2 protein chains.
Amino acid sequence: MEDRTDKASSDKATYQVTADDVAKLAGVSRWTVNRAFKKEASISAKTREKVMQAADTLGYLPDLLAASLASDRSNLVCLMVDDFANPHKLVMLERLTRILRKHGWDSLLVNTANDTETSAALMSASQRRVDAAVVIGIQFNDSNLATAQGARRVRKLIVFARSSENPDTISVCCDDVAAMDTITDYVIERGYRKPLFLAGPQTSSAHLGRKETFLRRWSNEFGQTPDFLVADRYDARLAYDLIHGTFVDRSVQDLPDIIVCENDALAMGAVDALRYGLGLRVPEDIAVTGFDDIPQVDSPNYKITTYRQPLTAMAEGLVEILRGTADNSALNHFRGQLVVRESA
Amino acid sequence: MEDRTDKASSDKATYQVTADDVAKLAGVSRWTVNRAFKKEASISAKTREKVMQAADTLGYLPDLLAASLASDRSNLVCLMVDDFANPHKLVMLERLTRILRKHGWDSLLVNTANDTETSAALMSASQRRVDAAVVIGIQFNDSNLATAQGARRVRKLIVFARSSENPDTISVCCDDVAAMDTITDYVIERGYRKPLFLAGPQTSSAHLGRKETFLRRWSNEFGQTPDFLVADRYDARLAYDLIHGTFVDRSVQDLPDIIVCENDALAMGAVDALRYGLGLRVPEDIAVTGFDDIPQVDSPNYKITTYRQPLTAMAEGLVEILRGTADNSALNHFRGQLVVRESA
DNA sequence: TTGTACGCGTTATCAA
DNA sequence: TTGATAACGCGTACAA
């Protein structure tokens, strides 16, 4: 213990205060110090007070590294983001980091935009013993899934804000069928009859996807399946090119009367393409709907009618899953709400 | 060691492969196994090969928790974001996570939007022994700084994409004076003579801030200091309200001919306010410039003339600082470039 | 309520 | 080049 004291005086900046130091100062054992820092521990209020005071004067805080190593629980979650072009990711990151933090979890942000580095990142996260790996707004692709499962220390694979049919993953998302039904009802009620669906990246398994739901519903209602376009990424610029390229040579009567978009990023690109690429008015010539209600679509430039997911409730649901207290079956049935603006 | 084997067979999913297991299989010592995983370690190629093969069949990866604890280096960086309304944060997060990952660092994303939770988050990060705390696009405020310094395990306090005069922090940013000079030159050259500066949140110490630079430069050039407005946050909606509220009752000859904005988020709000709030044309009636070159300002709706920072180079600079190989004095002099579009 | 072995999986350091 | 000892700081389980 003497050399410890030496270190403290000789190099104060790097000296690390441990529970032992606090214990000595407070006149208790090291384990009592640790108890004082645990919420539900059998310790007398007086002793705790004494310990906390000693801890305070020494500037002691429990070391999470050592705690994780010993307890095999890291209180760390890996958030995987592969698409930084969609502002909605920022909204979700804000919500997730805030809610997770509130419940004691820290967030490791992993950039999986580059597919070759994704597996390395996932490995690295697993080496930190994250309690869960969460993909945001997408599904695990097969390669990621294989890596994650190979990295056996990743306990839970969670898909946030997206439905997933893979039995090895847990999905926290809103009910896409109900959501698209709400949008479809609105589209029909407003009298639109020639819809085009603008879809995002297609996953192999999406029986319950937004596109499928809309097409099926419309087909049931009117006996014909609407056209659709597919964008490889949720990128406004991509949507612009797609819409512009598709309709620039088309005669007026062949145009849709509404473009139903899988999310707001696509919707913004669609609006831009209609206005600036094709010289059309929104919604007078062609209406547009989005999904997500990102802050940008409330700009007077866009005023896009869209659908807002209950992100806070969903984030709280994620916490329940991390805790293991969730009734998993209920976590993919969150209900959001239609936000009506001027674009449709 | 026997019970280990038992665990492996009885509960394979949770069994953790350690260096010991690999050592046994490869017929070497545990320390040799670890050496095989270090880049520059004195180990024969043959032994390493043997070890790696054994590791592969067992699915072994070094545990970063234990490694951090023992080595006192976490290879973890804490990224602090306080403003999720500005899309530029997403761009910076993408760049930082990618470059940091490339060099072996993982990123802890901490939401510091809520001021009361900021210190708790910083504490938590320090408890994970992050190698550095990085604030993005803002300066450390006094309260954060005090917390960070109190949390002695945070080795480095770094301000990214913002100049900082605090001697306890290291700033990685572009040269704001040079940047604003470039913008000012352009504004003058294009013949604008009645500028208004739209500034973001004001920090106490900003002698070299963008606003100050512009005002001083203009004053030197034309003998009078331009008007300016201050937004509390880099929020497009706030900028809208500010511009609209300021000019709605003003007569035409009292209007500026250009609004020079501290960043793109403000510029977008300004454009919206001019067009939709005041019925003016951009740039014919009033021009606008931004800063950051976020993807959104390239939309045909905005086409904002702006200034792009060399984010990749800056992120690499951050890595040098983490490594301790940086010549710190040079890291706040990155040069960006003017991106001319149609708004000015 | 409080104190005590022992283990978590590495790294640093020294010895062989 | 390789093996061995002693940390790193805390949690679990159990005993006092």
# chains A, B, ... in the order shown; residues from 1 in each chain; ligands from 1
$ interface_residues --of "chain A" --to "chain B" --cutoff "8 Å" --atoms "only C-alpha atoms" --output "VMD selection string"
chain A and resid 13 to 14 16 59 61 to 66 68 to 69 84 to 85 87 90 to 91 94 97 to 98 101 106 to 111 121 127 to 129 150 to 153 237 272 276 295 299 to 301
$ closest_atom_pairs --of "chain D" --to "chain A" --cutoff "12 Å" --atoms "only C-alpha atoms (C1' of nucleotides)" --output "CSV"
residue,atom,partner,partner_atom,distance
D:DC8,C1',A:Ala66,CA,7.9
D:DG9,C1',A:Ala66,CA,5.1
D:DC10,C1',A:Ala67,CA,4.9
D:DG11,C1',A:Ala70,CA,5.2
D:DT12,C1',A:Ser71,CA,8.2
$ select_by_dssp --residues "range 70-153 of chain A" --states "helix (DSSP H, G or I)" --output "ChimeraX atom specification"
/A:70-71,88-102,115-127,142-150
$ residues_around --residues "Phe214 in chain A" --least-positions-apart "3" --cutoff "7 Å" --atoms "only C-alpha atoms (C1' of nucleotides)" --output "ChimeraX atom specification"
/A:180,184,210-211,217-218
$ write_last_selection --atoms "C-alpha atoms" --output "PDB file, in the first residue's frame"
ATOM      1  CA  MET A 180     -49.559   1.696 -43.920  1.00  0.00           C
ATOM      2  CA  THR A 184     -53.663   4.123 -47.316  1.00  0.00           C
ATOM      3  CA  ARG A 210     -44.468  -1.159 -46.081  1.00  0.00           C
ATOM      4  CA  LYS A 211     -44.380  -1.620 -49.822  1.00  0.00           C
ATOM      5  CA  ARG A 217     -54.128  -3.281 -49.569  1.00  0.00           C
ATOM      6  CA  TRP A 218     -54.584  -1.218 -52.705  1.00  0.00           C
TER       7      TRP A 218
END
$ interface_residues --of "chain C" --to "chain A" --cutoff "9 Å" --atoms "only C-alpha atoms (C1' of nucleotides)" --output "ChimeraX atom specification"
/C:1-3,7-9
$ write_last_selection --atoms "C-alpha atoms (C1' of nucleotides)" --output "PDB file, in the first residue's frame"
ATOM      1  C1'  DT C   1     -24.971  -5.769   8.325  1.00  0.00           C
ATOM      2  C1'  DT C   2     -20.081  -6.547   7.471  1.00  0.00           C
ATOM      3  C1'  DG C   3     -15.718  -9.017   6.137  1.00  0.00           C
ATOM      4  C1'  DG C   7     -12.026 -15.475  -9.949  1.00  0.00           C
ATOM      5  C1'  DC C   8     -12.777 -12.401 -14.277  1.00  0.00           C
ATOM      6  C1'  DG C   9      -8.987 -12.380 -18.802  1.00  0.00           C
TER       7       DG C   9
END
$ atom_distance --atom1 "CA of Met52 in chain B" --atom2 "CA of Leu157 in chain A"
27.4 Å
$ select_by_dssp --residues "range 77-224 of chain A" --states "strand (DSSP E or B)" --output "mmCIF file with N, CA, C and O atoms, in the first residue's frame"
data_model
loop_
_atom_site.group_PDB
_atom_site.id
_atom_site.type_symbol
_atom_site.label_atom_id
_atom_site.label_comp_id
_atom_site.auth_asym_id
_atom_site.auth_seq_id
_atom_site.Cartn_x
_atom_site.Cartn_y
_atom_site.Cartn_z
ATOM 1 N N VAL A 77 -24.205 -0.983 -25.069
ATOM 2 C CA VAL A 77 -24.984 -1.434 -26.209
ATOM 3 C C VAL A 77 -24.317 -0.929 -27.475
ATOM 4 O O VAL A 77 -23.821 0.192 -27.511
ATOM 5 N N CYS A 78 -24.294 -1.750 -28.465
ATOM 6 C CA CYS A 78 -23.681 -1.370 -29.729
ATOM 7 C C CYS A 78 -24.767 -0.911 -30.707
ATOM 8 O O CYS A 78 -25.650 -1.688 -31.071
ATOM 9 N N LEU A 79 -24.715 0.345 -31.109
ATOM 10 C CA LEU A 79 -25.684 0.861 -32.071
ATOM 11 C C LEU A 79 -25.039 0.866 -33.453
ATOM 12 O O LEU A 79 -24.024 1.531 -33.668
ATOM 13 N N MET A 80 -25.627 0.137 -34.356
ATOM 14 C CA MET A 80 -25.039 0.015 -35.687
ATOM 15 C C MET A 80 -25.809 0.853 -36.710
ATOM 16 O O MET A 80 -26.998 0.640 -36.908
ATOM 17 N N VAL A 81 -25.107 1.773 -37.328
ATOM 18 C CA VAL A 81 -25.744 2.651 -38.314
ATOM 19 C C VAL A 81 -25.025 2.510 -39.648
ATOM 20 O O VAL A 81 -23.803 2.601 -39.706
ATOM 21 N N ASP A 106 -24.620 2.639 -21.759
ATOM 22 C CA ASP A 106 -23.884 3.522 -22.652
ATOM 23 C C ASP A 106 -23.952 2.973 -24.057
ATOM 24 O O ASP A 106 -24.191 1.780 -24.264
ATOM 25 N N SER A 107 -23.745 3.841 -25.026
ATOM 26 C CA SER A 107 -23.927 3.462 -26.426
ATOM 27 C C SER A 107 -22.622 3.517 -27.208
ATOM 28 O O SER A 107 -21.953 4.545 -27.240
ATOM 29 N N LEU A 108 -22.307 2.407 -27.800
ATOM 30 C CA LEU A 108 -21.171 2.340 -28.701
ATOM 31 C C LEU A 108 -21.711 2.570 -30.109
ATOM 32 O O LEU A 108 -22.544 1.800 -30.577
ATOM 33 N N LEU A 109 -21.268 3.638 -30.762
ATOM 34 C CA LEU A 109 -21.758 3.904 -32.111
ATOM 35 C C LEU A 109 -20.827 3.278 -33.137
ATOM 36 O O LEU A 109 -19.649 3.617 -33.209
ATOM 37 N N VAL A 110 -21.377 2.381 -33.934
ATOM 38 C CA VAL A 110 -20.555 1.697 -34.925
ATOM 39 C C VAL A 110 -21.043 2.017 -36.328
ATOM 40 O O VAL A 110 -22.222 1.868 -36.640
ATOM 41 N N ASN A 111 -20.135 2.490 -37.124
ATOM 42 C CA ASN A 111 -20.426 2.866 -38.499
ATOM 43 C C ASN A 111 -20.303 1.632 -39.390
ATOM 44 O O ASN A 111 -19.215 1.121 -39.619
ATOM 45 N N ALA A 132 -25.843 -5.984 -26.126
ATOM 46 C CA ALA A 132 -26.665 -6.198 -27.313
ATOM 47 C C ALA A 132 -26.099 -5.425 -28.488
ATOM 48 O O ALA A 132 -25.421 -4.411 -28.309
ATOM 49 N N ALA A 133 -26.378 -5.927 -29.677
ATOM 50 C CA ALA A 133 -26.063 -5.186 -30.889
ATOM 51 C C ALA A 133 -27.387 -4.769 -31.516
ATOM 52 O O ALA A 133 -28.255 -5.608 -31.746
ATOM 53 N N VAL A 134 -27.527 -3.475 -31.750
ATOM 54 C CA VAL A 134 -28.796 -2.949 -32.257
ATOM 55 C C VAL A 134 -28.583 -2.328 -33.628
ATOM 56 O O VAL A 134 -27.795 -1.382 -33.763
ATOM 57 N N VAL A 135 -29.245 -2.839 -34.630
ATOM 58 C CA VAL A 135 -29.209 -2.162 -35.925
ATOM 59 C C VAL A 135 -30.397 -1.213 -35.988
ATOM 60 O O VAL A 135 -31.490 -1.530 -35.539
ATOM 61 N N ILE A 136 -30.146 -0.048 -36.563
ATOM 62 C CA ILE A 136 -31.137 1.011 -36.510
ATOM 63 C C ILE A 136 -31.753 1.253 -37.875
ATOM 64 O O ILE A 136 -31.078 1.677 -38.812
ATOM 65 N N LYS A 156 -27.478 -10.300 -27.533
ATOM 66 C CA LYS A 156 -28.776 -10.078 -28.171
ATOM 67 C C LYS A 156 -28.618 -9.305 -29.468
ATOM 68 O O LYS A 156 -27.865 -8.335 -29.533
ATOM 69 N N LEU A 157 -29.329 -9.723 -30.458
ATOM 70 C CA LEU A 157 -29.349 -9.015 -31.729
ATOM 71 C C LEU A 157 -30.713 -8.362 -31.863
ATOM 72 O O LEU A 157 -31.735 -9.049 -31.916
ATOM 73 N N ILE A 158 -30.697 -7.040 -31.917
ATOM 74 C CA ILE A 158 -31.958 -6.315 -31.906
ATOM 75 C C ILE A 158 -32.091 -5.454 -33.151
ATOM 76 O O ILE A 158 -31.145 -4.783 -33.569
ATOM 77 N N VAL A 159 -33.254 -5.500 -33.737
ATOM 78 C CA VAL A 159 -33.557 -4.656 -34.884
ATOM 79 C C VAL A 159 -34.487 -3.555 -34.406
ATOM 80 O O VAL A 159 -35.583 -3.832 -33.931
ATOM 81 N N PHE A 160 -34.030 -2.318 -34.510
ATOM 82 C CA PHE A 160 -34.827 -1.200 -34.001
ATOM 83 C C PHE A 160 -35.485 -0.449 -35.155
ATOM 84 O O PHE A 160 -34.837 -0.122 -36.149
ATOM 85 N N THR A 169 -33.201 -12.749 -34.070
ATOM 86 C CA THR A 169 -33.179 -11.328 -33.726
ATOM 87 C C THR A 169 -34.485 -10.924 -33.062
ATOM 88 O O THR A 169 -35.513 -11.565 -33.241
ATOM 89 N N ILE A 170 -34.401 -9.851 -32.291
ATOM 90 C CA ILE A 170 -35.584 -9.308 -31.649
ATOM 91 C C ILE A 170 -35.869 -7.960 -32.290
ATOM 92 O O ILE A 170 -34.970 -7.140 -32.446
ATOM 93 N N SER A 171 -37.106 -7.743 -32.655
ATOM 94 C CA SER A 171 -37.448 -6.505 -33.341
ATOM 95 C C SER A 171 -38.271 -5.581 -32.442
ATOM 96 O O SER A 171 -39.215 -6.020 -31.796
ATOM 97 N N VAL A 172 -37.849 -4.320 -32.407
ATOM 98 C CA VAL A 172 -38.633 -3.299 -31.707
ATOM 99 C C VAL A 172 -39.072 -2.303 -32.756
ATOM 100 O O VAL A 172 -38.265 -1.515 -33.248
ATOM 101 N N CYS A 174 -42.682 -0.295 -34.947
ATOM 102 C CA CYS A 174 -44.103 -0.065 -34.952
ATOM 103 C C CYS A 174 -44.751 -1.006 -35.963
ATOM 104 O O CYS A 174 -44.082 -1.583 -36.822
ATOM 105 N N PRO A 195 -51.795 5.881 -57.486
ATOM 106 C CA PRO A 195 -50.618 5.999 -56.636
ATOM 107 C C PRO A 195 -49.387 5.331 -57.246
ATOM 108 O O PRO A 195 -49.496 4.400 -58.050
ATOM 109 N N LEU A 196 -48.251 5.858 -56.865
ATOM 110 C CA LEU A 196 -46.978 5.181 -57.131
ATOM 111 C C LEU A 196 -46.307 5.002 -55.786
ATOM 112 O O LEU A 196 -46.284 5.928 -54.972
ATOM 113 N N PHE A 197 -45.760 3.804 -55.539
ATOM 114 C CA PHE A 197 -45.050 3.601 -54.282
ATOM 115 C C PHE A 197 -43.550 3.715 -54.521
ATOM 116 O O PHE A 197 -43.006 3.080 -55.424
ATOM 117 N N LEU A 198 -42.893 4.564 -53.716
ATOM 118 C CA LEU A 198 -41.441 4.711 -53.803
ATOM 119 C C LEU A 198 -40.817 3.997 -52.615
ATOM 120 O O LEU A 198 -40.895 4.473 -51.476
ATOM 121 N N ALA A 199 -40.230 2.850 -52.895
ATOM 122 C CA ALA A 199 -39.709 1.995 -51.823
ATOM 123 C C ALA A 199 -38.225 2.207 -51.588
ATOM 124 O O ALA A 199 -37.510 2.723 -52.448
#
$ atom_distance --atom1 "CA of Thr225 in chain A" --atom2 "CA of Asn332 in chain A"
26.6 Å
$ atom_distance --atom1 "CA of Asp142 in chain A" --atom2 "CA of Gln53 in chain B"
25.0 Å
$ residues_around --residues "DC14 in chain C" --least-positions-apart "6" --cutoff "12 Å" --atoms "only C-alpha atoms (C1' of nucleotides)" --output "number ranges by chain"
D: 3-6
